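Participant: Sharing a structure here in structure tokens format.
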Amino acid sequence: MPVDPSGDRAAKIATDPPLIEVRDITRIYGTGEAEVRALDGVSFDIRPGEFVSVMGPSGSGKSTALNVLGCLDSPTSGHYLFNGVEVGGLDGDQRALLRRHYLGFIFQGYNLLPRTTALQNVELPLIYKGMSREERETRAIAALDKVGLAQRAHHDPSQLSGGQQQRVAIARALAGDPQVILADEPTGNLDTKRSVEIMELMVELNQSDGITIVMVTHEDDMAEFGSRLIWMVDGKVESDRPTKRAA
């Protein structure tokens, strides 16, 4: 499923104000001779509706950058604004609310509870939103249907293939109706065919539902499903360009 950046949608993305603004972010671990600059003056914007792939060699800072965007880690210095709000000025509870109501996460390892059905796995984050059981189930079934797994709602992970487990993980991310999905190596545990299926699904969610996606990957062909590629080296943004599909 190719990315089509032409027309009204692309024009709107280009002119909309940024949803995410990162300015001169550093993330330093350790001190003295043990100091490591995982991020070293990183700056970029991400607009609503973009699908941004982030790549780089091991140790480039790409996963650290994703953790900062997801409020799973805090920068040592610099500014991170989400919808114009300075995230660094939020306390722990407010950051948790940002994650809960605006962000969805997809991980390489699926992170599904093993003895829990697909439906219950998708419902889990909705419990923390205080939704009633009926509303949780309705939204979870709708999310599973969107990824083509409504018929597997009552299967546990051991009864699902790797690709199906990742679809459940995507449904879990969707159920909370996030503005942004943050995906860390979402095809890392899948074969080529299943990887392409997952990426085509993510492109569809991006283009049809307008969900902003930021994806870390080490696979060139998977990165090209996005419309933009940020390449990181040694904690810095080395390049930021349209992908071949979008160029």
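Naming scheme: A, B, ... for chains in displayed order of the structure tokens; residues 1 onward per chain; ligands 1 onward as shown.
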I want to know what sits within 6 Å of range 61-69 of chain A, based on only C-alpha atoms, with residues of the same chain fewer than 6 positions away left out; could you give that as a list of chain:residue names?

Facilitator: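 My list of contacting residues is A:Ala38, A:Leu39, A:Gly235.
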
Participant: Got a sec to tell me which of range 28-197 of chain A DSSP assigns to alpha helix (DSSP H), as number ranges by chain?

Facilitator: A: 62-69, 92-102, 118-127, 133-146, 162-175, 192-197

Participant: Neighbouring residues of Lys193 in chain A were defined as those with any atom within 12 Å, considering only C-alpha atoms; residues of the same chain fewer than 4 positions away were excluded. Please report them as a list in words.

Facilitator: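 Selected residues are Gly162, Gly163, Thr187, Asn189, Glu197, Ile198, Met199, Glu200 and Met222 of chain A.
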
Participant: Quick one: everything within 6 Å of range 81-95 of chain A, counting only C-alpha atoms, minus sequence neighbours fewer than 6 positions away in the same chain. Send it as a count of residues only.

Facilitator: 3

Participant: Pick the closest to Ile46 in chain A from A:Gln159, A:Thr15, A:Ser195, A:Thr217: which is it, counting only C-alpha atoms?

Facilitator: A:Thr15
